[in-house]
>>> print(open('final27.tsv').read())   # TSV, C-alpha atoms
chain	number	residue	atom	x	y	z
A	1	MET	CA	58.38	11.80	-41.91
A	2	ASP	CA	61.13	11.15	-44.43
A	3	ALA	CA	62.49	7.62	-44.66
A	4	ARG	CA	65.67	7.40	-42.57
A	5	TYR	CA	65.99	3.62	-42.28
A	6	THR	CA	64.92	0.43	-44.00
A	7	VAL	CA	63.39	-2.43	-42.03
A	8	ALA	CA	66.68	-4.36	-42.26
A	9	GLU	CA	68.68	-1.39	-40.95
A	10	LEU	CA	66.35	-0.98	-37.98
A	11	ALA	CA	66.57	-4.68	-37.21
A	12	ALA	CA	70.37	-4.48	-37.15
A	13	LYS	CA	70.41	-1.39	-34.91
A	14	VAL	CA	68.04	-2.80	-32.28
A	15	GLY	CA	69.34	-6.39	-32.43
A	16	ALA	CA	66.07	-7.95	-33.62
A	17	GLU	CA	65.87	-11.03	-35.86
A	18	LEU	CA	64.46	-10.15	-39.29
A	19	HIS	CA	61.79	-12.36	-40.89
A	20	GLY	CA	60.49	-11.17	-44.24
A	21	VAL	CA	61.29	-8.31	-46.62
A	22	GLY	CA	63.92	-5.96	-45.18
A	23	SER	CA	64.19	-3.43	-48.02
A	24	THR	CA	60.98	-1.55	-47.18
A	25	ALA	CA	61.52	2.07	-46.18
A	26	VAL	CA	60.30	2.95	-42.70
A	27	LEU	CA	58.25	6.15	-42.53
A	28	GLY	CA	57.35	6.15	-38.86
A	29	VAL	CA	55.61	4.26	-36.08
A	30	ALA	CA	51.91	3.69	-35.49
A	31	PRO	CA	49.50	2.09	-32.98
A	32	LEU	CA	47.67	-1.13	-33.82
A	33	ASP	CA	44.34	0.66	-34.24
A	34	ASP	CA	45.71	3.21	-36.74
A	35	ILE	CA	48.28	1.44	-38.89
A	36	ARG	CA	49.49	3.42	-41.91
A	37	PRO	CA	51.62	2.27	-44.86
A	38	GLY	CA	55.35	2.17	-44.15
A	39	THR	CA	55.04	2.28	-40.35
A	40	VAL	CA	56.39	0.00	-37.65
A	41	VAL	CA	53.93	-1.35	-35.08
A	42	PHE	CA	54.46	-3.52	-32.03
A	43	ALA	CA	52.34	-6.48	-31.01
A	44	GLU	CA	53.05	-6.89	-27.32
A	45	LYS	CA	50.46	-9.66	-27.07
A	46	ASP	CA	50.72	-12.68	-29.35
A	47	ARG	CA	47.01	-12.49	-30.22
A	48	ASP	CA	47.64	-9.12	-31.92
A	49	VAL	CA	50.17	-10.53	-34.41
A	50	PRO	CA	47.73	-11.86	-37.06
A	51	ALA	CA	45.88	-8.54	-37.35
A	52	ALA	CA	49.15	-6.60	-37.56
A	53	LEU	CA	50.45	-8.89	-40.32
A	54	ALA	CA	47.25	-8.34	-42.29
A	55	SER	CA	47.90	-4.57	-42.38
A	56	SER	CA	49.94	-2.24	-44.59
A	57	ALA	CA	52.69	-1.82	-41.98
A	58	ALA	CA	56.33	-2.10	-43.02
A	59	ALA	CA	57.22	-4.26	-40.01
A	60	VAL	CA	55.78	-5.70	-36.82
A	61	VAL	CA	57.80	-6.00	-33.63
A	62	ALA	CA	56.69	-9.29	-32.08
A	63	SER	CA	57.85	-12.23	-29.96
A	64	ILE	CA	56.48	-14.97	-32.29
A	65	VAL	CA	56.48	-15.84	-35.98
A	66	PRO	CA	53.32	-17.53	-37.34
A	67	ALA	CA	53.66	-21.12	-38.52
A	68	GLY	CA	53.31	-20.09	-42.17
A	69	GLY	CA	55.99	-17.40	-41.88
A	70	THR	CA	55.69	-13.91	-43.37
A	71	SER	CA	57.21	-11.74	-46.07
A	72	ARG	CA	55.43	-8.39	-45.90
A	73	PRO	CA	55.00	-6.91	-43.35
A	74	ALA	CA	58.26	-8.19	-41.97
A	75	ILE	CA	58.58	-9.36	-38.39
A	76	LEU	CA	61.28	-8.00	-36.09
A	77	LEU	CA	61.51	-10.92	-33.69
A	78	THR	CA	62.55	-10.24	-30.09
A	79	PRO	CA	61.61	-11.45	-26.62
A	80	HIS	CA	61.71	-7.80	-25.43
A	81	VAL	CA	58.96	-6.32	-27.58
A	82	ARG	CA	58.29	-3.12	-25.67
A	83	ARG	CA	61.96	-2.30	-25.13
A	84	VAL	CA	62.89	-2.83	-28.80
A	85	PHE	CA	59.94	-0.73	-29.96
A	86	ALA	CA	61.06	2.08	-27.65
A	87	GLU	CA	64.56	1.89	-29.15
A	88	ILE	CA	63.06	2.16	-32.64
A	89	CYS	CA	61.05	5.21	-31.54
A	90	GLN	CA	64.26	6.78	-30.24
A	91	LEU	CA	65.93	6.23	-33.63
A	92	LEU	CA	63.01	7.75	-35.51
A	93	PHE	CA	62.45	10.63	-33.06
A	94	GLY	CA	63.57	13.86	-34.59
A	95	GLY	CA	64.35	15.50	-31.26
A	96	TYR	CA	62.69	18.30	-29.33
A	97	PRO	CA	62.08	21.62	-31.08
A	98	GLY	CA	65.32	23.51	-31.24
A	99	GLU	CA	66.26	27.12	-30.81
A	100	ALA	CA	68.58	29.08	-33.04
A	101	GLY	CA	72.19	28.80	-31.89
A	102	GLY	CA	73.36	31.50	-29.50
A	103	ALA	CA	71.11	33.78	-27.48
A	104	HIS	CA	67.85	35.38	-28.59
A	105	PRO	CA	67.96	39.21	-28.58
A	106	THR	CA	65.32	39.36	-25.86
A	107	ALA	CA	67.25	37.09	-23.48
A	108	VAL	CA	68.72	38.71	-20.37
A	109	ILE	CA	72.09	37.18	-19.45
A	110	ASP	CA	74.25	38.47	-16.61
A	111	PRO	CA	77.82	39.18	-17.73
A	112	SER	CA	79.21	36.89	-15.05
A	113	ALA	CA	77.28	33.88	-16.39
A	114	HIS	CA	79.20	31.23	-18.33
A	115	LEU	CA	77.67	29.66	-21.46
A	116	GLY	CA	79.20	26.54	-22.99
A	117	ALA	CA	79.71	25.85	-26.67
A	118	ASP	CA	76.70	25.60	-28.98
A	119	VAL	CA	74.10	26.50	-26.38
A	120	ALA	CA	70.72	27.80	-27.55
A	121	ILE	CA	68.99	30.51	-25.49
A	122	GLY	CA	65.36	31.27	-26.40
A	123	PRO	CA	63.25	34.42	-26.13
A	124	SER	CA	62.94	36.17	-22.76
A	125	VAL	CA	65.25	33.76	-20.95
A	126	ALA	CA	66.78	35.20	-17.78
A	127	ILE	CA	70.19	33.97	-16.60
A	128	GLY	CA	71.41	35.43	-13.31
A	129	PRO	CA	74.85	36.18	-11.88
A	130	GLY	CA	77.32	33.31	-11.64
A	131	CYS	CA	75.18	30.85	-13.57
A	132	ARG	CA	76.64	28.12	-15.79
A	133	VAL	CA	75.07	26.48	-18.85
A	134	GLY	CA	76.80	23.39	-20.27
A	135	ALA	CA	77.62	22.78	-23.91
A	136	ARG	CA	74.81	22.03	-26.35
A	137	SER	CA	72.08	22.70	-23.80
A	138	VAL	CA	68.82	24.32	-24.92
A	139	LEU	CA	66.85	26.82	-22.85
A	140	ARG	CA	63.44	27.55	-24.36
A	141	ALA	CA	61.43	30.75	-23.94
A	142	ASN	CA	60.97	32.26	-20.47
A	143	VAL	CA	63.35	29.93	-18.68
A	144	VAL	CA	64.82	31.46	-15.50
A	145	LEU	CA	68.16	30.54	-13.92
A	146	ASP	CA	68.49	32.21	-10.55
A	147	GLU	CA	71.78	33.36	-9.06
A	148	GLY	CA	74.49	30.69	-9.09
A	149	ALA	CA	72.37	28.00	-10.78
A	150	SER	CA	74.21	25.44	-12.90
A	151	ILE	CA	73.00	23.37	-15.87
A	152	GLY	CA	75.06	20.50	-17.30
A	153	GLU	CA	75.75	19.53	-20.91
A	154	ASP	CA	73.09	18.42	-23.43
A	155	CYS	CA	70.20	19.50	-21.21
A	156	TYR	CA	66.81	20.57	-22.53
A	157	LEU	CA	64.65	23.00	-20.56
A	158	PHE	CA	61.13	23.56	-21.86
A	159	PRO	CA	59.42	26.98	-21.67
A	160	GLY	CA	58.75	28.42	-18.23
A	161	VAL	CA	61.20	26.28	-16.26
A	162	VAL	CA	62.71	27.88	-13.15
A	163	ILE	CA	66.03	26.74	-11.66
A	164	GLY	CA	66.44	28.21	-8.19
A	165	ARG	CA	69.42	29.84	-6.53
A	166	ARG	CA	72.60	27.71	-6.44
A	167	SER	CA	70.73	24.62	-7.69
A	168	VAL	CA	72.75	22.09	-9.70
A	169	VAL	CA	71.37	20.10	-12.65
A	170	GLY	CA	73.49	17.32	-14.19
A	171	ASP	CA	74.07	16.32	-17.82
A	172	ARG	CA	71.39	15.19	-20.29
A	173	VAL	CA	68.54	16.29	-18.07
A	174	VAL	CA	65.13	17.15	-19.55
A	175	VAL	CA	62.87	19.50	-17.61
A	176	HIS	CA	59.31	19.95	-18.87
A	177	PRO	CA	57.26	23.18	-18.89
A	178	ASN	CA	56.77	25.21	-15.72
A	179	ALA	CA	58.68	22.87	-13.43
A	180	VAL	CA	60.43	24.58	-10.51
A	181	ILE	CA	63.70	23.18	-9.19
A	182	GLY	CA	65.05	24.87	-6.06
A	183	GLY	CA	62.06	26.77	-4.73
A	184	GLU	CA	61.71	27.35	-1.01
A	185	GLY	CA	60.60	24.45	1.13
A	186	PHE	CA	57.47	24.54	3.27
A	187	GLY	CA	58.88	25.29	6.70
A	188	PHE	CA	57.11	27.17	9.48
A	189	THR	CA	57.39	27.08	13.27
A	190	VAL	CA	54.00	27.05	14.96
A	191	GLY	CA	53.53	28.28	18.51
A	192	GLU	CA	52.20	31.29	20.34
A	193	GLY	CA	51.46	34.13	18.00
A	194	PRO	CA	51.86	34.10	14.21
A	195	SER	CA	53.66	31.28	12.38
A	196	LEU	CA	57.39	31.86	12.07
A	197	LYS	CA	58.93	31.10	8.67
A	198	GLN	CA	62.00	28.86	8.58
A	199	PRO	CA	64.49	30.18	5.99
A	200	GLN	CA	65.80	27.58	3.51
A	201	PHE	CA	69.57	27.70	3.08
A	202	GLY	CA	70.15	24.47	1.13
A	203	ARG	CA	70.19	23.57	-2.55
A	204	VAL	CA	68.73	21.05	-5.00
A	205	VAL	CA	71.19	18.70	-6.69
A	206	VAL	CA	69.88	16.70	-9.67
A	207	GLY	CA	71.97	13.87	-11.15
A	208	ASN	CA	72.58	12.91	-14.78
A	209	ASP	CA	70.01	11.56	-17.27
A	210	CYS	CA	67.02	12.67	-15.22
A	211	GLU	CA	63.64	13.81	-16.51
A	212	ILE	CA	61.40	16.20	-14.57
A	213	GLY	CA	57.72	16.41	-15.54
A	214	ALA	CA	55.63	19.52	-16.18
A	215	CYS	CA	54.68	21.57	-13.12
A	216	THR	CA	56.74	19.37	-10.82
A	217	THR	CA	58.35	21.13	-7.87
A	218	ILE	CA	61.56	20.16	-6.06
A	219	ASP	CA	62.19	22.27	-2.95
A	220	ARG	CA	65.67	23.13	-1.77
A	221	GLY	CA	66.87	21.88	1.59
A	222	THR	CA	66.42	23.72	4.83
A	223	LEU	CA	70.08	23.40	5.80
A	224	GLY	CA	71.46	20.51	3.74
A	225	ASP	CA	70.53	19.66	0.12
A	226	THR	CA	67.61	18.00	-1.59
A	227	VAL	CA	69.18	15.34	-3.82
A	228	LEU	CA	68.06	13.30	-6.85
A	229	GLY	CA	70.36	10.53	-8.10
A	230	ASP	CA	71.04	9.56	-11.71
A	231	ASP	CA	68.32	8.41	-14.08
A	232	VAL	CA	65.41	9.60	-11.93
A	233	LYS	CA	62.13	10.05	-13.82
A	234	LEU	CA	59.47	12.24	-12.22
A	235	ASP	CA	56.06	12.55	-13.85
A	236	ASN	CA	53.99	15.74	-14.01
A	237	LEU	CA	52.82	17.41	-10.80
A	238	VAL	CA	55.16	15.61	-8.43
A	239	GLN	CA	56.13	17.40	-5.20
A	240	VAL	CA	59.52	16.70	-3.65
A	241	GLY	CA	59.84	18.38	-0.25
A	242	HIS	CA	62.91	19.92	1.34
A	243	ASN	CA	65.82	17.63	2.23
A	244	CYS	CA	64.39	14.61	0.43
A	245	ARG	CA	66.91	12.17	-1.01
A	246	ILE	CA	65.80	10.14	-4.02
A	247	GLY	CA	68.17	7.44	-5.25
A	248	SER	CA	69.10	6.46	-8.80
A	249	HIS	CA	66.81	4.74	-11.31
A	250	VAL	CA	63.65	5.73	-9.46
A	251	ARG	CA	60.33	6.21	-11.31
A	252	VAL	CA	57.55	8.33	-9.80
A	253	SER	CA	54.09	8.79	-11.36
A	254	ALA	CA	51.99	11.95	-11.33
A	255	LEU	CA	50.49	13.69	-8.28
A	256	THR	CA	52.79	11.97	-5.80
A	257	GLY	CA	54.11	13.99	-2.88
A	258	PHE	CA	57.19	13.45	-0.71
A	259	SER	CA	57.19	15.25	2.63
A	260	GLY	CA	60.36	16.83	3.93
A	261	GLY	CA	63.25	14.52	4.68
A	262	ALA	CA	61.77	11.44	3.00
A	263	ILE	CA	64.32	9.00	1.58
A	264	VAL	CA	63.77	6.78	-1.47
A	265	GLU	CA	66.53	4.30	-2.20
A	266	ASP	CA	67.58	3.11	-5.68
A	267	ASP	CA	65.41	1.23	-8.19
A	268	CYS	CA	62.02	2.03	-6.70
A	269	LEU	CA	58.79	2.31	-8.68
A	270	ILE	CA	56.15	4.59	-7.14
A	271	GLY	CA	52.63	4.92	-8.53
A	272	GLY	CA	50.48	8.01	-8.86
A	273	GLN	CA	48.85	9.98	-6.04
A	274	VAL	CA	51.09	8.42	-3.41
A	275	GLY	CA	51.70	10.34	-0.20
A	276	VAL	CA	54.99	9.81	1.65
A	277	GLN	CA	55.25	11.01	5.25
A	278	ASN	CA	58.19	13.11	6.34
A	279	ARG	CA	61.44	11.31	7.19
A	280	VAL	CA	60.11	7.93	6.02
A	281	ARG	CA	62.60	5.64	4.26
A	282	ILE	CA	61.53	3.54	1.28
A	283	GLY	CA	64.00	0.70	0.81
A	284	ARG	CA	65.72	-0.26	-2.41
A	285	GLY	CA	63.63	-1.88	-5.13
A	286	CYS	CA	60.24	-1.18	-3.54
A	287	LEU	CA	57.02	-1.15	-5.55
A	288	VAL	CA	54.37	1.26	-4.23
A	289	GLY	CA	50.87	1.10	-5.71
A	290	GLY	CA	48.90	4.18	-6.70
A	291	GLN	CA	47.11	6.23	-4.00
A	292	SER	CA	49.09	4.56	-1.23
A	293	GLY	CA	49.90	6.32	2.02
A	294	ILE	CA	53.43	5.60	3.26
A	295	THR	CA	53.47	6.27	7.00
A	296	HIS	CA	56.35	4.00	8.05
A	297	ASP	CA	59.67	2.73	6.71
A	298	LEU	CA	59.49	0.06	3.99
A	299	PRO	CA	62.10	-2.71	3.92
A	300	PRO	CA	63.96	-3.22	0.62
A	301	GLY	CA	61.96	-5.10	-2.00
A	302	SER	CA	58.56	-4.38	-0.44
A	303	LYS	CA	55.44	-4.38	-2.61
A	304	VAL	CA	52.75	-2.33	-0.93
A	305	TRP	CA	49.40	-0.73	-1.58
A	306	GLY	CA	46.68	1.06	0.36
A	307	THR	CA	46.40	3.71	3.06
A	308	PRO	CA	48.17	3.09	5.30
A	309	ALA	CA	50.18	0.97	2.88
A	310	HIS	CA	50.79	-2.70	3.61
A	311	ASP	CA	51.76	-5.86	1.76
A	312	LEU	CA	50.30	-6.01	-1.76
A	313	ARG	CA	49.38	-9.70	-1.56
A	314	THR	CA	47.45	-9.12	1.66
A	315	VAL	CA	45.59	-6.18	0.10
A	316	LEU	CA	44.63	-8.23	-2.96
A	317	LYS	CA	43.31	-11.04	-0.73
A	318	GLU	CA	41.27	-8.51	1.27
A	319	ILE	CA	39.81	-7.06	-1.93
A	320	ALA	CA	38.89	-10.55	-3.14
A	321	ILE	CA	37.10	-11.24	0.16
A	322	VAL	CA	35.26	-7.90	0.08
A	323	GLN	CA	34.03	-8.61	-3.45
A	324	ARG	CA	32.60	-11.93	-2.24
A	325	LEU	CA	30.77	-10.42	0.75
A	326	PRO	CA	27.35	-10.31	-1.01
A	327	GLU	CA	27.70	-13.99	-1.88
A	328	ILE	CA	28.85	-14.87	1.64
A	329	ALA	CA	25.96	-12.87	3.15
A	330	GLY	CA	23.52	-14.73	0.89
A	331	ARG	CA	24.89	-18.06	2.04
A	332	LEU	CA	24.58	-17.02	5.69
A	333	ASP	CA	20.97	-15.95	5.15
A	334	ALA	CA	20.26	-19.27	3.49
A	335	LEU	CA	21.83	-21.14	6.41
A	336	ARG	CA	19.80	-19.11	8.90
A	337	GLY	CA	16.62	-19.76	6.92
A	338	GLY	CA	17.34	-23.49	6.80
A	339	ARG	CA	17.95	-23.58	10.52
A	340	LYS	CA	14.68	-21.78	11.22
A	341	GLY	CA	12.90	-24.22	8.93
A	342	ARG	CA	14.39	-27.17	10.71
A	343	GLU	CA	13.50	-25.70	14.09
A	344	GLY	CA	9.93	-25.08	12.86
A	345	ARG	CA	9.63	-28.62	11.61
A	346	LYS	CA	11.01	-29.95	14.88
A	347	GLY	CA	8.43	-27.87	16.76
A	348	GLU	CA	5.57	-29.20	14.63
A	349	LYS	CA	6.78	-32.75	15.07
A	350	GLY	CA	7.01	-32.23	18.84
A	351	LYS	CA	3.50	-30.78	18.98
A	352	LYS	CA	2.12	-33.59	16.92
A	353	GLY	CA	3.98	-36.07	19.11
A	354	ARG	CA	2.55	-34.56	22.26
A	355	GLU	CA	-0.93	-34.46	20.79
A	356	GLY	CA	-0.48	-38.06	19.69
A	357	GLU	CA	0.55	-39.09	23.16
A	358	LYS	CA	-2.43	-37.28	24.66
A	359	GLY	CA	-4.70	-39.02	22.18
A	360	LYS	CA	-3.24	-42.37	22.99
A	361	LYS	CA	-3.61	-41.70	26.71
A	362	GLY	CA	-7.21	-40.63	26.17
A	363	LYS	CA	-8.02	-43.71	24.19
A	364	LYS	CA	-6.34	-45.84	26.80
A	365	GLY	CA	-8.44	-44.11	29.47
A	366	GLU	CA	-11.66	-44.68	27.57
A	367	LYS	CA	-10.70	-48.27	26.98
A	368	GLY	CA	-9.90	-48.60	30.67
A	369	LYS	CA	-13.30	-47.23	31.74
A	370	LYS	CA	-15.09	-49.39	29.27
A	371	GLY	CA	-13.04	-52.29	30.48
A	372	GLU	CA	-13.99	-51.61	34.11
A	373	LYS	CA	-17.68	-51.33	33.28
A	374	GLY	CA	-17.45	-54.41	31.23
A	375	GLU	CA	-15.71	-56.25	33.96
A	376	LYS	CA	-18.35	-55.20	36.53
A	377	GLY	CA	-21.15	-56.19	34.23
A	378	GLU	CA	-19.52	-59.44	33.42
A	379	LYS	CA	-18.91	-60.07	37.10
A	380	GLY	CA	-22.57	-59.34	37.85
A	381	LYS	CA	-23.71	-61.61	35.14
A	382	ARG	CA	-21.18	-64.17	36.13
A	383	GLY	CA	-22.45	-63.85	39.75
A	384	LEU	CA	-26.02	-64.38	38.75
A	385	ARG	CA	-25.05	-67.13	36.48
A	386	GLY	CA	-23.02	-68.66	39.26
A	387	LEU	CA	-26.12	-69.06	41.64
A	388	SER	CA	-27.98	-72.42	41.64
A	389	PRO	CA	-31.75	-72.57	40.93
A	390	GLY	CA	-32.46	-73.52	44.59
A	391	ALA	CA	-30.53	-70.61	45.91
A	392	THR	CA	-32.32	-68.28	43.56
A	393	GLN	CA	-35.79	-69.49	44.75
A	394	SER	CA	-34.75	-69.15	48.42
A	395	ARG	CA	-33.63	-65.57	47.88
A	396	GLY	CA	-36.91	-64.82	46.18
A	397	ARG	CA	-38.94	-66.14	49.08
A	398	ALA	CA	-36.86	-64.24	51.57
A	399	ALA	CA	-37.45	-61.02	49.66
A	400	ARG	CA	-41.19	-61.53	49.59
A	401	VAL	CA	-41.30	-62.25	53.35
A	402	THR	CA	-39.40	-59.08	54.06
A	403	LEU	CA	-41.74	-57.01	51.88
A	404	SER	CA	-44.88	-58.40	53.51
A	405	ARG	CA	-43.57	-57.56	57.00
A	406	LYS	CA	-42.97	-53.97	55.95
A	407	LEU	CA	-46.49	-53.70	54.61
A	408	GLU	CA	-47.95	-55.00	57.85
A	409	LEU	CA	-46.13	-52.38	59.79
>>> encode(input="final27.tsv", output="structure tokens")
Amino acid sequence: MDARYTVAELAAKVGAELHGVGSTAVLGVAPLDDIRPGTVVFAEKDRDVPAALASSAAAVVASIVPAGGTSRPAILLTPHVRRVFAEICQLLFGGYPGEAGGAHPTAVIDPSAHLGADVAIGPSVAIGPGCRVGARSVLRANVVLDEGASIGEDCYLFPGVVIGRRSVVGDRVVVHPNAVIGGEGFGFTVGEGPSLKQPQFGRVVVGNDCEIGACTTIDRGTLGDTVLGDDVKLDNLVQVGHNCRIGSHVRVSALTGFSGGAIVEDDCLIGGQVGVQNRVRIGRGCLVGGQSGITHDLPPGSKVWGTPAHDLRTVLKEIAIVQRLPEIAGRLDALRGGRKGREGRKGEKGKKGREGEKGKKGKKGEKGKKGEKGEKGEKGKRGLRGLSPGATQSRGRAARVTLSRKLEL
């Protein structure tokens, strides 16, 4: 790339504060991992600034200046790093590939079509009856404008773009390869017998300063129009169904689909692979996370995620809880194990206690028996001891008399 600006000139154009040498010629832009001499890089994170300043870049777009300052590379100081870098890229961008002024010999242009000043019509372009192409617009190879289609000024249509019958595209619109604006909507009546096709009588109306990604399709309305406001940016492979109405300043990422009649108000940001149900309204300023399913109206300012989509903060809390489930399960198992251990210990203590009580009772019983025997023996002894010698002799004589009588008998 030839040098078109110096560092100081770029700083003045984008409103950045220059620190360091401003006379260096700028040869282009580069990423942080592939910095080349004479390029401008941007350090969106402050931790990237030291590495960028140690490179051969001409300038670094950053939000801080190191304590020791810098001379080369220079710093273009701004609190809006990404925005300023994008403005620099716009200044250095050489534009899309052009076509030779006028119409290519292979182009087919109906005599009733109107072409503005300085238009460029590429090879094999087909422009139907009653079409209009605004001044300075470029139609690359194989673009098709169906009957009555209208393109505004300073538009750029990449190869293979199709603009359907009576569709209207505003000024400064970029349409990427193989996008179709104004095709038939998906409308069939189902009942007894074969499906009955619903003819589509409406149009597509696209506002100013829009950009339509490659292979994106925008269907015309069934009766009314399908409408895109100003400054709408649709990524590749986006499907906009019949009679949808998308407000201004809306951004939509790839593989998102809007069913028929869906409404998106201004200033919304919609992630990739989002599905929007028919006739749902997404309020102004909503943020919709990728792969969400929108099945109900969203109030203005909503931030949602999931299928079906609900509040983003709630979803993030749920995800945090789900990620902790193994830990929570482990804690529960540990609590259950501790409880079983305590119950087991209680059971052992109870058994031992019962056995101890039985042992004590047994010992008491043995002691009791021994005590009784001892008492009887002691009583006997005490009884014998308690008799006088005379009484003992008398009892002895009486016993002998009784024995002798028995013998005589």
>>> residues_around(input="final27.tsv", residues="A:Ile75", least_positions_apart="3", cutoff="10 Å", atoms="only C-alpha atoms", output="count of residues only")
29
>>> atom_distance(input="final27.tsv", atom1="atom CA of A:Pro31", atom2="atom CA of A:Leu91")
17.0 Å
>>> atom_distance(input="final27.tsv", atom1="atom CA of A:Asn236", atom2="atom CA of A:Asp311")
26.8 Å
>>> atom_distance(input="final27.tsv", atom1="atom CA of A:Ala262", atom2="atom CA of A:Val238")
13.8 Å
>>> residues_near_point(input="final27.tsv", point="(70.7, 13.9, -10.1)", cutoff="8 Å", atoms="all atoms listed in the file", output="PyMOL selection string")
chain A and resi 169-170+205-210+227-232+248
>>> closest_residue(input="final27.tsv", among="A:Pro97, A:Pro37, A:Gly275, A:Gly68", to="A:Val240", atoms="only C-alpha atoms")
A:Gly275
>>> residues_around(input="final27.tsv", residues="A:Val108", least_positions_apart="4", cutoff="7 Å", atoms="all atoms listed in the file", output="count of residues only")
4
>>> residues_around(input="final27.tsv", residues="A:Gly134", least_positions_apart="3", cutoff="8 Å", atoms="only C-alpha atoms", output="ChimeraX atom specification")
/A:115-117,119,137,151-155,171
>>> closest_residue(input="final27.tsv", among="A:Leu27, A:Val274, A:Ala57, A:Leu77", to="A:Val288", atoms="all atoms listed in the file")
A:Val274
>>> build_atoms(input="final27.tsv", residues="stretch 194-210 of chain A", atoms="N, CA and C atoms", output="compact mmCIF listing (two decimals), in the frame of the given file")
# COMPACT_ATOMS: atom_id res chain seq x y z
N PRO A 194 51.85 34.49 15.62
CA PRO A 194 51.86 34.10 14.21
C PRO A 194 52.90 33.02 13.92
N SER A 195 52.68 32.28 12.82
CA SER A 195 53.66 31.28 12.38
C SER A 195 54.97 31.97 12.04
N LEU A 196 56.07 31.30 12.33
CA LEU A 196 57.39 31.86 12.07
C LEU A 196 58.03 31.08 10.93
N LYS A 197 58.37 31.76 9.83
CA LYS A 197 58.93 31.10 8.67
C LYS A 197 60.36 30.64 8.94
N GLN A 198 60.66 29.42 8.49
CA GLN A 198 62.00 28.86 8.58
C GLN A 198 62.73 29.11 7.27
N PRO A 199 63.74 29.94 7.23
CA PRO A 199 64.49 30.18 5.99
C PRO A 199 65.12 28.89 5.48
N GLN A 200 65.25 28.78 4.16
CA GLN A 200 65.80 27.58 3.51
C GLN A 200 67.17 27.93 2.93
N PHE A 201 68.22 27.35 3.49
CA PHE A 201 69.57 27.70 3.08
C PHE A 201 70.19 26.68 2.10
N GLY A 202 69.56 25.54 1.93
CA GLY A 202 70.15 24.47 1.13
C GLY A 202 69.96 24.64 -0.37
N ARG A 203 70.29 23.56 -1.10
CA ARG A 203 70.19 23.57 -2.55
C ARG A 203 69.38 22.36 -3.01
N VAL A 204 69.19 22.28 -4.35
CA VAL A 204 68.73 21.05 -5.00
C VAL A 204 69.86 20.58 -5.91
N VAL A 205 70.17 19.30 -5.83
CA VAL A 205 71.19 18.70 -6.69
C VAL A 205 70.54 17.56 -7.47
N VAL A 206 70.51 17.70 -8.79
CA VAL A 206 69.88 16.70 -9.67
C VAL A 206 70.99 15.98 -10.44
N GLY A 207 70.94 14.65 -10.47
CA GLY A 207 71.97 13.87 -11.15
C GLY A 207 71.84 13.88 -12.66
N ASN A 208 72.57 13.00 -13.32
CA ASN A 208 72.58 12.91 -14.78
C ASN A 208 71.41 12.08 -15.30
N ASP A 209 71.01 12.36 -16.54
CA ASP A 209 70.01 11.56 -17.27
C ASP A 209 68.66 11.52 -16.57
N CYS A 210 68.32 12.59 -15.89
CA CYS A 210 67.02 12.67 -15.22
C CYS A 210 65.99 13.34 -16.13
